[in-house]
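Taking it in order: structure first as structure tokens, then the write-up.
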Amino acid sequence: MRVLLVSFLCFITVSVKAQQVKVLERGTNFPIENVTIYNDSKDKVVYTNKKGIANLSIFKPSDIISFNHLSCFEYEILKKELSKINFVVYLTKKSERLNEIVLSASKGEETRSRIAEQIVVASREEIKKLAPQTTADLLANLPGIKVQKTQFGGGSPVLRGMEANRVLLVVDGVRMNNAIYRAGHLQNSITISPNIIDRTEVIFGPSSVIYGSDALGGVIHYFTKTPKISSKKQINTSFYSRFSSVNNEFTNEANVEIRNRKWASYTSVSYSKFGDLRMGKVRNHGFKNWGKVVEYSNNTNSYYNAIPVPNSNSNIQKNTGYKQTDILQKIAIPISKKSNLIFNFQYSESSNINRFDKLNEYSDNELKFAEWYYGPQKRLLISSQLKVKPNKKWLKKGTITAAFQNIKESRIQRKFSSLNRSYRNESVAVWSLNGDFFVPLTKKNNRILSYGFEGTHNKVNSNAYGKTLNVVGNTIIGFSDDFTVQSRYPDGGSTYTSFASYVNYRQDINKKATLNTGIRFVNTYLGAKWIDNTFITLPNFDISLNNSAVTATIGYVYKPTTEWQLNSIISSGFRSPNIDDVGKIREKSGDVTVPNIYLKPEYVYSFETSALKYFNNKTFQIGLDVYYTLLNNYITRDYFSINNATTIMYDGEEGNIVANVNKDNAYIIGSTFSFRGNLNSLWFTRGSVTYTKGKAYDTKLPLSSIPPLFGLFEIGFEKERLQASLNWKFNAEKRLKDYNLVEGKDNIEQTPFIAATNSYYGNPSWNTFNFSANYKVNSDLICYVNIDNIFDIHYKEFASSISSPRRNFSFSFLLNI
């Protein structure tokens with residue numbers, strides 16, 4: 001009896017084990033999670049768990065089952081043959097697939113081979129490899145993107161010679177651009193931590209049909225990490241930590257993912273602390289004092305010092321450090337087999353961020369500002385996203401996203417010569433609702449109709465006030481008086497509302513050609529009211545602007561062979577003036593920007609063509625994109641007058657009056673040559689070179705925000721657990737004649753000054769070498785090492801106020817628990 005019982009238990013154990021398979025990565029023997037296992041008809045599907053194990057009891061012994069994972073080659077086997085390989089499947093990591101899935105181009109999954117636009121994708125693994133301190137640093141490492149920095153706590157991406165409110169930022173399907181996104185350098189990109197991003201997609205060129213107003217230079221779409229549903233309860237946690245020597249950065253991020261059959265949750269908390277940034281010491285450009293900080297203000301919110309403090313090390317850029325906290329909470333709920341709901345909560349808050357260029361601005365050979373800083377930047381996003389798959393004739397699948405955002409920012413400043421501190425506070429509340437739906441018109445999905453709508457409403461509150469400090473010694477004990485300060489935006493409140501609808505059609509004409517067409521109607525309404533006329537008297541203190549436009553696109557993809565893809569696209573874009581365009585009042589370098597209530601929309605018309613050549617079964621590609629963009633009725637800053645006056649008193653000083661105005665026509669031309677892929681089973685490479693030129697037809701002046709020639713070349717190898725690479729970044733000289741000296745966006749004053757000619761030099765050329773490596777200690781621990789700017793070169797990015805980091809050693813690790 002005892003023998004029978006033991007035999008029975010052994011039989012049960014073997015039977016259970018025979019129903020399980022373990023999936024490992026060939027070479028490292030690490031388990032692979034989330035491998036999709038399915039039969040020929042795909043009506044039965046299971047997934048591997050964290051240990052790479054899956055139960056195959058739902059399959060018949062005669063079933064041919066497939067093992068599929070994004071990063072590995074697919075593997076097929078008869079279930080009954082698994083015993084011959086001891087129920088262990090090894091998947092071979094495949095070379096990077098260049099015909100990847102893109103999510104942002106049509107707001108749905110689409111293969112790269114059917115898309116005409118130039119698109120760059122950064123995966124979660126690539127982001128960790130780059131180890132960026134901020135999202136701005138992430139973007140700066142992607143082909144075709146240049147990033148400007150006014151202070152370290154910021155970063156303004158430039159796409160095809162356009163930036164700020166001409167580039168649309170999107171997170172999880174919700175537009176970040178709001179009614180006060182300015183035309184100058186915009187620092188909001190850092191309010192999304194790179195540690196919570198699952199992937200970033202960048203669409204170059206006008207994308208107004210799918211994304212509406214503001215998408216003139218392109219779209220940057222951040223997809224944050226999302227929890228996954230599981231048939232069994234699972235709890236996955238991980239911890240990421242990074243240290244950088246260049247500014248004594250410490251970043252820590254911890255997350256926990258809970259998977260269930262009826263719901264799943266993902267929680268992430270990230271905290272970063274950045275010290276003052278050190279600049280490079282090797283000055284190949286020949287300007288020995290350019291960018292050095294010889295003195296600085298050590299004034300704070302509570303500490304007073306009437307004079308600047310000498311800097312003991314002029315290569316340390318004082319007042320550049322700050323702190324930031326980011327929180328992400330997502331909950332996924334499968335409502336039914338055909339629908340699921342995702343709740344998304346995001347919160348980002350920084351400490352005070354000093355305005356580096358202002359704190360280093362001189363007047364009569366003395367530092368001008370004792371205090372000039374942004375108050376804590378706060379971004380709140382709450383959204384719910386419903387995804388449905390009814391598989392009806394009029395709707396196969398769709399997504400409806402409702403969101404609320406609240407953005408708070410402030411500017412505080414005080415001059416050394418004064419005890420008067422001014423405060424300017426802005427708060428923006430944004431409600432949005434958008435839907436995107438897809439209908440295959442044929443069973444083969446070679447003809448797809450997509451359509452959608454978007455509605456947004458922005459409410460802006462802007463106020464300003466002044467306080468006179470009450471000082472005892474070096475301590476600020478309170479305030480002795482109040483005074484009137486001009487608000488940055490209309491103090492009576494303002495609103496900006498838009499509604500749009502679109503239709504997009506994609507058709508495979510044959511196996512070699514795909515046609516993309518689309519059209520969008522947009523209507524915007526702006527209302528603003530000024531109350532205080534102490535400083536400026538406008539023709540009308542209560543304004544409203546109503547604008548509408550129709551934008552369209554037509555793209556053609558032709559694949560003469562499996563190794564070639566030729567793309568062409570003609571598209572139009574539209575940007576309606578927002579509150580910042582129409583109603584901002586501020587001072588910079590002696591120019592005071594005032595409202596222009598007669599501002600009209602600007603339009604772009606773009607033609608783009610590109611060629612892609614694939615090699616070695618699409619594991620390597622080279623590409624060339626060339627485009628021409630015509631700007632019509634474009635908005636630019638120019639000299640202006642109010643009540644026949646060309647100057648105005650602002651913060652106690654007289655300044656020239658400037659305003660955003662419409663001009664006739666301008667153009668931007670450019671191209672990007674790129675390559676990436678695997679040279680063989682060990683070596684990989686990537687690189688790009690981008691050229692941009694922009695000029696106004698009417699004024700003959702260069703356009704602002706046009707970067708000089710820039711690029712990157714990288715080569716690396718990967719073998720089992722180790723990956724390492726070396727890259728070379730370079731930037732050509734931006735000459736003085738190529739600067740727009742009227743708008744002031746290009747910050748010519750941040751370039752070297754030549755006393756002999758009494759003029760600025762322009763931005764010198766530069767190049768740096770950088771090294772990165774990562775090693776998988778085991779399946780749960782990965783270590784990263786980065787050495788940036790190996791030769792300690794001093795340089796500034798074009799239009800940036802801050803000198804770029806010196807040689808930086810970065811160490812980080814990712815631990816999965």
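Here, A, B, ... name the chains of the structure tokens in the order displayed, residue numbers run from 1 inside each chain, and ligands are numbered from 1 in the same displayed order.
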
For this session: Taking the DSSP assignment computed from this structure's backbone, write out as a PyMOL selection string all residues of stretch 675-720 of chain A that belong to strand (DSSP E or B).
Result: chain A and resi 675-678+683-696+702+710-719

Could those residues be written to a file, using N, CA and C atoms, as a compact mmCIF listing (two decimals), in the first residue's frame?
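What follows is the written file result_7.txt:
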```txt
# COMPACT_ATOMS: atom_id res chain seq x y z
N PHE A 675 21.87 56.16 -39.25
CA PHE A 675 22.08 54.72 -39.43
C PHE A 675 22.04 54.06 -38.06
N ARG A 676 21.65 52.82 -38.01
CA ARG A 676 21.66 52.07 -36.76
C ARG A 676 21.45 50.59 -37.06
N GLY A 677 21.91 49.77 -36.12
CA GLY A 677 21.71 48.34 -36.29
C GLY A 677 22.92 47.55 -35.84
N ASN A 678 22.96 46.30 -36.24
CA ASN A 678 24.01 45.38 -35.81
C ASN A 678 24.96 45.09 -36.96
N TRP A 683 28.72 43.22 -32.45
CA TRP A 683 28.90 44.67 -32.57
C TRP A 683 27.66 45.35 -33.12
N PHE A 684 27.35 46.52 -32.53
CA PHE A 684 26.24 47.34 -33.02
C PHE A 684 26.71 48.78 -33.15
N THR A 685 25.96 49.58 -33.88
CA THR A 685 26.33 50.97 -34.09
C THR A 685 25.10 51.81 -34.38
N ARG A 686 25.22 53.09 -34.19
CA ARG A 686 24.17 54.04 -34.55
C ARG A 686 24.82 55.40 -34.77
N GLY A 687 24.11 56.27 -35.47
CA GLY A 687 24.63 57.61 -35.69
C GLY A 687 23.65 58.46 -36.46
N SER A 688 23.88 59.76 -36.41
CA SER A 688 23.01 60.68 -37.16
C SER A 688 23.73 62.01 -37.32
N VAL A 689 23.39 62.71 -38.40
CA VAL A 689 23.86 64.07 -38.66
C VAL A 689 22.65 64.88 -39.09
N THR A 690 22.44 66.03 -38.45
CA THR A 690 21.27 66.86 -38.73
C THR A 690 21.69 68.26 -39.15
N TYR A 691 21.12 68.71 -40.25
CA TYR A 691 21.39 70.06 -40.78
C TYR A 691 20.07 70.82 -40.85
N THR A 692 20.07 72.08 -40.40
CA THR A 692 18.86 72.90 -40.40
C THR A 692 19.21 74.33 -40.81
N LYS A 693 18.36 74.94 -41.60
CA LYS A 693 18.52 76.35 -41.97
C LYS A 693 17.15 76.98 -42.05
N GLY A 694 17.01 78.19 -41.50
CA GLY A 694 15.73 78.89 -41.55
C GLY A 694 15.92 80.37 -41.78
N LYS A 695 15.07 80.94 -42.62
CA LYS A 695 15.19 82.36 -42.94
C LYS A 695 13.82 82.92 -43.32
N ALA A 696 13.61 84.18 -43.01
CA ALA A 696 12.35 84.85 -43.36
C ALA A 696 12.43 85.39 -44.78
N PRO A 702 17.59 85.68 -40.31
CA PRO A 702 17.57 84.26 -39.91
C PRO A 702 16.45 84.04 -38.89
N PHE A 710 24.73 69.26 -36.24
CA PHE A 710 25.08 68.46 -35.07
C PHE A 710 24.84 66.99 -35.36
N GLY A 711 25.46 66.15 -34.54
CA GLY A 711 25.27 64.73 -34.76
C GLY A 711 25.93 63.88 -33.71
N LEU A 712 25.86 62.57 -33.93
CA LEU A 712 26.37 61.58 -32.98
C LEU A 712 26.74 60.31 -33.73
N PHE A 713 27.86 59.71 -33.34
CA PHE A 713 28.24 58.39 -33.84
C PHE A 713 28.57 57.50 -32.64
N GLU A 714 28.08 56.26 -32.67
CA GLU A 714 28.29 55.34 -31.56
C GLU A 714 28.61 53.96 -32.08
N ILE A 715 29.50 53.28 -31.39
CA ILE A 715 29.78 51.88 -31.69
C ILE A 715 29.89 51.13 -30.37
N GLY A 716 29.37 49.92 -30.36
CA GLY A 716 29.39 49.16 -29.11
C GLY A 716 29.30 47.67 -29.38
N PHE A 717 29.44 46.90 -28.32
CA PHE A 717 29.31 45.45 -28.46
C PHE A 717 28.48 44.90 -27.31
N GLU A 718 27.90 43.76 -27.56
CA GLU A 718 27.08 43.09 -26.55
C GLU A 718 27.35 41.60 -26.63
N LYS A 719 27.71 41.04 -25.49
CA LYS A 719 27.94 39.60 -25.42
C LYS A 719 27.41 39.09 -24.11
```

Problem set entry | All residues 8 Å or closer to A:Ser207, only C-alpha atoms, same chain fewer than 2 positions away omitted, as a list in words |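 The contact residues come out as Ile203, Phe204, Gly205, Val209, Ile210, Tyr211, Gly212, Ala215, Leu216, Gly218, Val219, Ser571 and Gly573 of chain A.
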
For this session: For each of A:Asn504, A:Ser610, A:Thr514, A:Asn540, take the minimum atom-to-atom distance to A:Ile597, counting only C-alpha atoms, then give the residue where this is smallest.
Result: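 Looking at the shortest contact to A:Ile597, the residue is A:Asn540.
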
For this session: Work out how far apart atom CA of A:Ile115 and atom CA of A:Leu612 are and give it in Å to one decimal.
Result: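 About the pair atom CA of A:Ile115 and atom CA of A:Leu612: they are 11.9 Å apart.
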
Exercise. Pick the closest to A:Lys618 from A:Leu679, A:Leu367, A:Val282, A:Val592: which is it, counting only C-alpha atoms?
Worked result: A:Leu679

Distance query stretch 494-501 of chain A at most 6 Å, only C-alpha atoms, self and fewer than 2 positions along chain excluded, as a PDB file with N, CA and C atoms, in the first residue's frame:
```pdb
ATOM      1  N   GLY A 452     -11.607  60.581 -34.824  1.00  0.00           N
ATOM      2  CA  GLY A 452     -11.577  60.938 -33.425  1.00  0.00           C
ATOM      3  C   GLY A 452     -11.943  62.381 -33.177  1.00  0.00           C
ATOM      4  N   PHE A 453     -11.886  62.750 -31.922  1.00  0.00           N
ATOM      5  CA  PHE A 453     -12.216  64.111 -31.511  1.00  0.00           C
ATOM      6  C   PHE A 453     -11.340  64.491 -30.326  1.00  0.00           C
ATOM      7  N   GLU A 454     -11.246  65.784 -30.069  1.00  0.00           N
ATOM      8  CA  GLU A 454     -10.520  66.268 -28.904  1.00  0.00           C
ATOM      9  C   GLU A 454     -11.119  67.591 -28.456  1.00  0.00           C
ATOM     10  N   GLY A 455     -11.345  67.712 -27.169  1.00  0.00           N
ATOM     11  CA  GLY A 455     -11.808  68.964 -26.591  1.00  0.00           C
ATOM     12  C   GLY A 455     -10.961  69.307 -25.379  1.00  0.00           C
ATOM     13  N   THR A 456     -10.522  70.555 -25.287  1.00  0.00           N
ATOM     14  CA  THR A 456      -9.733  70.997 -24.132  1.00  0.00           C
ATOM     15  C   THR A 456     -10.242  72.348 -23.659  1.00  0.00           C
ATOM     16  N   HIS A 457     -10.112  72.572 -22.359  1.00  0.00           N
ATOM     17  CA  HIS A 457     -10.471  73.871 -21.789  1.00  0.00           C
ATOM     18  C   HIS A 457      -9.418  74.251 -20.760  1.00  0.00           C
ATOM     19  N   ASN A 458      -8.774  75.402 -20.975  1.00  0.00           N
ATOM     20  CA  ASN A 458      -7.734  75.917 -20.083  1.00  0.00           C
ATOM     21  C   ASN A 458      -8.262  77.121 -19.320  1.00  0.00           C
ATOM     22  N   LYS A 459      -8.051  77.133 -18.028  1.00  0.00           N
ATOM     23  CA  LYS A 459      -8.378  78.288 -17.214  1.00  0.00           C
ATOM     24  C   LYS A 459      -7.107  78.766 -16.538  1.00  0.00           C
ATOM     25  N   VAL A 460      -6.745  80.034 -16.791  1.00  0.00           N
ATOM     26  CA  VAL A 460      -5.481  80.574 -16.308  1.00  0.00           C
ATOM     27  C   VAL A 460      -5.743  81.670 -15.280  1.00  0.00           C
ATOM     28  N   ARG A 520      -8.322  67.354 -40.594  1.00  0.00           N
ATOM     29  CA  ARG A 520      -8.733  67.721 -39.244  1.00  0.00           C
ATOM     30  C   ARG A 520      -9.305  69.141 -39.249  1.00  0.00           C
ATOM     31  N   PHE A 521     -10.375  69.316 -38.504  1.00  0.00           N
ATOM     32  CA  PHE A 521     -10.954  70.647 -38.288  1.00  0.00           C
ATOM     33  C   PHE A 521     -10.711  71.044 -36.839  1.00  0.00           C
ATOM     34  N   VAL A 522     -10.213  72.278 -36.639  1.00  0.00           N
ATOM     35  CA  VAL A 522      -9.897  72.780 -35.307  1.00  0.00           C
ATOM     36  C   VAL A 522     -10.562  74.141 -35.115  1.00  0.00           C
ATOM     37  N   ASN A 523     -11.156  74.322 -33.943  1.00  0.00           N
ATOM     38  CA  ASN A 523     -11.697  75.628 -33.580  1.00  0.00           C
ATOM     39  C   ASN A 523     -11.204  75.992 -32.181  1.00  0.00           C
ATOM     40  N   THR A 524     -10.693  77.206 -32.028  1.00  0.00           N
ATOM     41  CA  THR A 524     -10.194  77.651 -30.728  1.00  0.00           C
ATOM     42  C   THR A 524     -10.857  78.964 -30.333  1.00  0.00           C
ATOM     43  N   TYR A 525     -11.013  79.126 -29.029  1.00  0.00           N
ATOM     44  CA  TYR A 525     -11.586  80.366 -28.491  1.00  0.00           C
ATOM     45  C   TYR A 525     -10.737  80.828 -27.316  1.00  0.00           C
ATOM     46  N   LEU A 526     -10.353  82.099 -27.347  1.00  0.00           N
ATOM     47  CA  LEU A 526      -9.550  82.681 -26.273  1.00  0.00           C
ATOM     48  C   LEU A 526     -10.279  83.877 -25.694  1.00  0.00           C
ATOM     49  N   GLY A 527     -10.322  83.919 -24.373  1.00  0.00           N
ATOM     50  CA  GLY A 527     -10.906  85.065 -23.685  1.00  0.00           C
ATOM     51  C   GLY A 527      -9.965  85.540 -22.587  1.00  0.00           C
ATOM     52  N   ALA A 528      -9.780  86.853 -22.456  1.00  0.00           N
ATOM     53  CA  ALA A 528      -8.860  87.389 -21.452  1.00  0.00           C
ATOM     54  C   ALA A 528      -9.339  88.754 -20.994  1.00  0.00           C
TER      55      ALA A 528
END
```

Problem set entry | Contacts of A:Leu168 at 12 Å (only C-alpha atoms; same-chain gap of 5+ positions) as JSON, numbers by chain | {"A": [156, 157, 158, 159, 162, 163, 173, 174, 175, 176, 177, 178, 181, 182, 186, 188, 189, 201, 202, 203, 204, 205, 206, 207, 208, 210, 211, 212, 213, 214, 215, 216, 217, 218, 219, 220, 221, 222, 573, 574, 575]}

Seminar exercise, completed: A:Asn578 proximity check over A:Ile180, A:Ile382, A:Ala370, A:Leu82, using only C-alpha atoms: winner is A:Ile180
